[in-house]
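Undergrad: Here you go, one structure.
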Amino acid sequence: MDLKPGSRWRSAVCDTEVIVVRAPAGPVIFRIGGAAVCPADADQDRPTADRGGARPDAALAGGTLLGKRYTDEASGLQVLCVKAGAGTITVDGRPAAVMTPRQLPASD
Amino acid sequence: MNIALLLEMAADGAGERVALGPRSGGASYRELLRLARNSGEWLASQPGQRAGLLDGNSAAVPLLLFGSALAGKAFAPVSYRLAAASLHAVLERFGPGVLVTAPDAALPVPLPGGLVVKAREQFLREVRRGAAGPSTRIPAAEDIAALLFTSGTTGAPKTAVLRQRQLAAYIIGTVEFLSAEPGEAALISVPPYHIAGISAILSSVYAGRRIVQLDAFEPRAWVRLVNEESVTHAMVVPTMLTRILDVLLADGERLPSLRHLSYGGGRMPSKTIETALRLLPHVDFVNAYGLTETSSTIAVLDPEDHRRFAAGGGAGRRRLNSVGRPLPGVRIEIRGPGGKAVGPGVSGEVFVRGEQVSGEYLDGARLDDGWFATRDAGYLDADGYLFLDGRLDDIIVRGGENLSPGEIEDVLLEHPAVREVAVVGLPDPEWGERVVAVVVPAAGAAQDAAVLQRWVRERLRGSRTPSRVEFVPSLPYTETGKLLRRQVRDQIHVRLAAIIIGLDQLSDARTRSRRPSATVGNRARDRGRNCLVTGCCVT
């Protein structure tokens with residue numbers, strides 16, 4: 001799995017979709033809701049509405065928030081949630097943390 | 001990453017909020033997304049790969065911008081103020097596609113092949129009638145998002161290419177999603193073919209800030225719209241701010257709803273920004289430096305910097321003339337003539353790198369290991385504030401010393417007798433180049449060259465003092481307010497040659513000039529007379 005900046009991924013078990021903002025320093029196991037993610041780039045079809053009945057792991061169903069950035073300090077991975085869902089984002093089993101919003105002035 | 005995603009997210013997170021138009025009756029994000037999808041479907045049915053626009057600001061701009069993203073076509077806004085020959089040349093470069101036009105657009109006859117013209121109202125009617133659903137495919141990150149035909153003030157005109165991933169990276173890197181408070185509204189008055197016209201739409205949508213549009217900039221209409229629509233945010237280029245301040249001073253308006261004003265797109269005279277800070281103490285000012293080829297802003301001087309530096313003296317105050325510090329995710333480096341990075345305080349060419357940097361033109365990319373050469377000259381100070389000296393080609397080299405025309409212009413503009421000024425370098429047998437100031441005098445002011453020369457000498461080093469001051473009724477600018485410095489230089493060169501060598505030899509001087517003007521001869525003659533009357537000086 002190449003988590004390069006700008007690449008888009010979706011959960012296999014909830015509605016969550018993310019875009020990689022910063023790549024991890026090395027290979028990591030990146031999951032949402034306890035399940036491996038699927039690529040969601042231009043050549044991929046969108047998933048069916050019910051995903052064949054798959055659901056997040058009950059222990060990893062904290063949910064994701066639209067427009068929030070999530071980060072894993074240990075690996076440096078940073079993702080932006082572009083579609084909210086019920087699962088928890090994990091990196092090598094560690095739940096990713098919501099980043100506090102930056103205060104950048106509007107410039108255009 | 002594709003800019004269509006930004007609108008999808010806004011519609012998902014704040015579907016009912018007003019996105020575009022008046023506070024009551026404007027289109028919501030949900031409605032804007034619906035129309036953008038219809039526009040995408042409409043564009044997909046049109047021939048060619050361009051979604052062109054020859055028009056000012058209207059709902060057609062965001063609909064073509066997002067619609068083309070969904071359709072995998074390139075949004076290609078063209079200046080509606082181009083002269084017929086230039087417009088024809090741009091449309092030749094444009095390629096096959098559709099061109100949505102203003103009601104009164106004057107099109108070249110015959111049109112270049114492969115171009116389909118649609119009137120704006122017809123486009124909007126057909127898009128409103130559409131019934132496109134959500135696409136089943138995710139639009140591509142590598143697609144061209146926008147083609148911008150750059151002005152070429154210092155070189156041949158170019159067609160800049162901005163890809164989806166670059167514009168999207170710029171927004172995601174600089175704007176916090178739905179960070180706008182309810183009631184915020186951004187007034188867009190820069191033309192759609194200016195990079196800031198595009199980035200303002202994207203930033204506003206992603207921040208959840210309502211967009212108010214002014215078809216074409218006019219200072220009184222701008223002030224009226226700010227008041228009528230309770231506008232909180234706006235972006236202007238320096239000439240626009242100068243004209244807005246004239247209206248504020250004349251009418252006593254103080255724009256109570258405005259909270260945030262960003263400016264960029266050219267050097268802001270100190271006098272203008274200091275007047276603005278004084279007249280509008282309730283407004284946050286942001287100086288944004290960026291280029292078309294960098295997907296807009298790469299460095300900002302933020303409101304806190306403005307207040308701190310305006311209040312302070314000496315070195316601190318100088319930073320009010322800087323363009324601030326690089327945005328997170330953007331690296332800026334100054335390189336010397338040998339191509340090596342130089343340290344703080346040393347001038348050189350500004351290089352930039354980052355995900356938002358395209359550095360690409362239709363005939364190929366110009367990136368070197370990700371670095372883009374801006375052709376701007378400048379330096380970074382010890383704390384990383386970027387100071388610009390102007391375009392590299394405009395730097396005056398006098399006796400081996402590099403002089404920034406902008407620095408000298410700034411000082412001259414502080415003089416009450418100066419309304420506008422262009423400082424240029426002309427060939428000089430002794431010094432290589434000499435400094436000449438071309439001044440538009442303030443109304444009723446005396447045209448006294450010696451006074452202005454003394455003014456500069458007292459404030460800057462002697463080498464920066466103009467060896468000659470010429471007075472002219474007006475200076476040439478691009479439609480977005482950039483000084484056409486090369487044109488000034490060529491015309492003044494011809495004029496001075498005429499004065500020095502005698503009018504009968506003017507035709508020789510014309511041949512030497514790169515851009516001769518048919519009226520130069522007469523003006524040079526008039527100038528010659530005025531020169532004797534007002535006593536313009538050669539030192």
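Ordering of the structure tokens sets the chain letters (A, B, ...); residue numbers start at 1 within each chain; ligands are numbered from 1 in the order shown.
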Show me, as a VMD selection string, every residue of chain A with an atom at most 10 Å from chain B, counting only C-alpha atoms.

TA: chain A and resid 5 to 8 19 to 21 40 to 47 65 to 69 80 to 84 101 to 108

Undergrad: Excluding Pro27 of chain A and any residue of its chain fewer than 5 positions from it, enumerate the residues within 10 Å of it, using only C-alpha atoms, and give them as a list in words.

TA: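 Listing them by chain and then by number gives Met1, Asp2, Leu3, Ser75 and Asp92 of chain A.
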
Undergrad: Deliver the residues from the most recent selection as a file, using N, CA and C atoms, as a PDB file, in the first residue's frame.

TA:
ATOM      1  N   MET A   1       0.843  -1.193   0.000  1.00  0.00           N
ATOM      2  CA  MET A   1       0.000   0.000   0.000  1.00  0.00           C
ATOM      3  C   MET A   1       0.880   1.246   0.000  1.00  0.00           C
ATOM      4  N   ASP A   2       0.709   2.066  -1.033  1.00  0.00           N
ATOM      5  CA  ASP A   2       1.546   3.262  -1.141  1.00  0.00           C
ATOM      6  C   ASP A   2       0.751   4.479  -0.670  1.00  0.00           C
ATOM      7  N   LEU A   3       0.987   4.875   0.590  1.00  0.00           N
ATOM      8  CA  LEU A   3       0.229   5.991   1.174  1.00  0.00           C
ATOM      9  C   LEU A   3       0.874   7.318   0.796  1.00  0.00           C
ATOM     10  N   SER A  75       4.451   7.448  13.241  1.00  0.00           N
ATOM     11  CA  SER A  75       4.860   7.218  11.854  1.00  0.00           C
ATOM     12  C   SER A  75       4.903   8.502  11.043  1.00  0.00           C
ATOM     13  N   ASP A  92      -0.874   0.930  12.502  1.00  0.00           N
ATOM     14  CA  ASP A  92      -0.199  -0.136  13.255  1.00  0.00           C
ATOM     15  C   ASP A  92      -0.944  -0.418  14.562  1.00  0.00           C
TER      16      ASP A  92
END

Undergrad: Assign secondary structure with DSSP using the backbone only, and return the residues of chain A in strand (DSSP E) as a PyMOL selection string.

TA: chain A and resi 8-10+17-22+30-32+35-36+38-39+69-71+78-83+89-91+94-95+97-98

Undergrad: As a VMD selection string, please: every residue in segment 30-230 of chain B that DSSP puts in alpha helix (DSSP H).

TA: chain B and resid 30 to 44 60 to 71 84 to 94 120 to 129 164 to 174 195 to 207 219 to 228

Undergrad: Find the distance between atom CA of Arg486 of chain B and atom CA of Val424 of chain B and write it in Å to one decimal.

TA: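 Going from atom CA of Arg486 of chain B over to atom CA of Val424 of chain B covers 8.3 Å.
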
Undergrad: Quick one: residues within 6 Å of Glu349 of chain B, only C-alpha atoms, excluding same-chain residues fewer than 6 positions away - as a CSV table (one decimal) with C-alpha atoms, in the first residue's frame?

TA:
chain,number,residue,atom,x,y,z
B,334,ILE,CA,17.0,32.5,-2.7
B,335,ARG,CA,19.6,31.5,-5.2
B,376,ASP,CA,11.2,37.4,-9.0
B,377,ALA,CA,14.2,39.0,-7.3

Undergrad: Rounded to one decimal in Å, what is the spacing between atom CA of Ala311 of chain B and atom CA of Ser347 of chain B?

TA: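 If I compute the distance from atom CA of Ala311 of chain B to atom CA of Ser347 of chain B, I get 26.8 Å.
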
Undergrad: Determine, counting only C-alpha atoms, which protein, DNA and RNA residues have an atom within 7 Å of an atom of Gly76 of chain A; residues of the same chain fewer than 2 positions away are not included. Present the result as a list in words.

TA: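 Selected residues are Ala23, Pro24, Ala25, Thr71, Asp72, Glu73, Ala74 and Gln78 of chain A.
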
Undergrad: Point out the residue among B:Arg17, B:Arg163, B:Arg485, B:Arg308 with the least atom-to-atom distance to Glu181 of chain B, counting only C-alpha atoms.

TA: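 Distance minimum relative to Glu181 of chain B lands on B:Arg17.
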
Undergrad: When you draw a straight line from atom CA of Pro103 of chain B to atom CA of Ala119 of chain B, how long is it in Å?

TA: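 Value for the atom CA of Pro103 of chain B-atom CA of Ala119 of chain B distance: 6.3 Å.
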
Undergrad: As a ChimeraX atom specification, please: the residues near Val440 of chain B (cut-off 9 Å, only C-alpha atoms, same-chain neighbours under 4 positions excluded).

TA: /B:417-422,470-475

Undergrad: Pull C-alpha atoms from the residues just selected and write them as a PDB file, in the first residue's frame.

TA:
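Result saved to result26.pdb:
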ATOM      1  CA  ALA B 417       3.678  65.682  -5.434  1.00  0.00           C
ATOM      2  CA  VAL B 418       3.824  62.105  -6.786  1.00  0.00           C
ATOM      3  CA  ARG B 419       0.674  60.272  -7.803  1.00  0.00           C
ATOM      4  CA  GLU B 420       2.172  57.313  -9.688  1.00  0.00           C
ATOM      5  CA  VAL B 421       5.736  56.431 -10.553  1.00  0.00           C
ATOM      6  CA  ALA B 422       7.776  53.935 -12.540  1.00  0.00           C
ATOM      7  CA  GLU B 470      10.444  62.650 -16.331  1.00  0.00           C
ATOM      8  CA  PHE B 471       6.845  63.791 -15.895  1.00  0.00           C
ATOM      9  CA  VAL B 472       4.073  62.059 -17.836  1.00  0.00           C
ATOM     10  CA  PRO B 473       0.261  62.317 -17.770  1.00  0.00           C
ATOM     11  CA  SER B 474      -0.252  58.558 -17.160  1.00  0.00           C
ATOM     12  CA  LEU B 475       1.512  55.196 -16.957  1.00  0.00           C
TER      13      LEU B 475
END

Undergrad: Restricting the calculation to only C-alpha atoms, which member of A:Ala12, A:Val28, A:Met99, A:Val37 is positioned closest to Arg51 of chain A?

TA: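 Going through A:Ala12, A:Val28, A:Met99, A:Val37 one by one, the smallest distance to Arg51 of chain A is for A:Ala12.
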
Undergrad: Restricting the calculation to only C-alpha atoms, which member of A:Ala58, A:Ala96, A:Val91, A:Cys14 is positioned closest to Phe30 of chain A?

TA: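 Selected residue with least distance to Phe30 of chain A: A:Val91.
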
Undergrad: Within 9 Å of segment 220-224 of chain B, counting only C-alpha atoms, which residues show up once you throw out same-chain ones fewer than 5 positions away? Write them as JSON, numbers by chain, please.

TA: {"B": [187, 189, 214, 229, 243, 244, 247, 248, 253, 255]}

Undergrad: Please provide as a PyMOL selection string all residues within 6 Å of Gly87 of chain A, with the sequence filter that same-chain residues fewer than 5 positions apart are discarded (counting only C-alpha atoms).

TA: chain A and resi 32-33+56+60-63

Undergrad: Write the selection just made, keeping C-alpha atoms, as a PDB file, in the first residue's frame?

TA:
ATOM      1  CA  ILE A  32     -10.343   2.032   9.290  1.00  0.00           C
ATOM      2  CA  GLY A  33     -12.826   0.258  11.575  1.00  0.00           C
ATOM      3  CA  PRO A  56     -16.533  -1.839  11.710  1.00  0.00           C
ATOM      4  CA  LEU A  60     -12.961   0.377  16.577  1.00  0.00           C
ATOM      5  CA  ALA A  61     -16.222   2.208  15.894  1.00  0.00           C
ATOM      6  CA  GLY A  62     -15.387   5.627  17.319  1.00  0.00           C
ATOM      7  CA  GLY A  63     -16.280   7.319  14.038  1.00  0.00           C
TER       8      GLY A  63
END
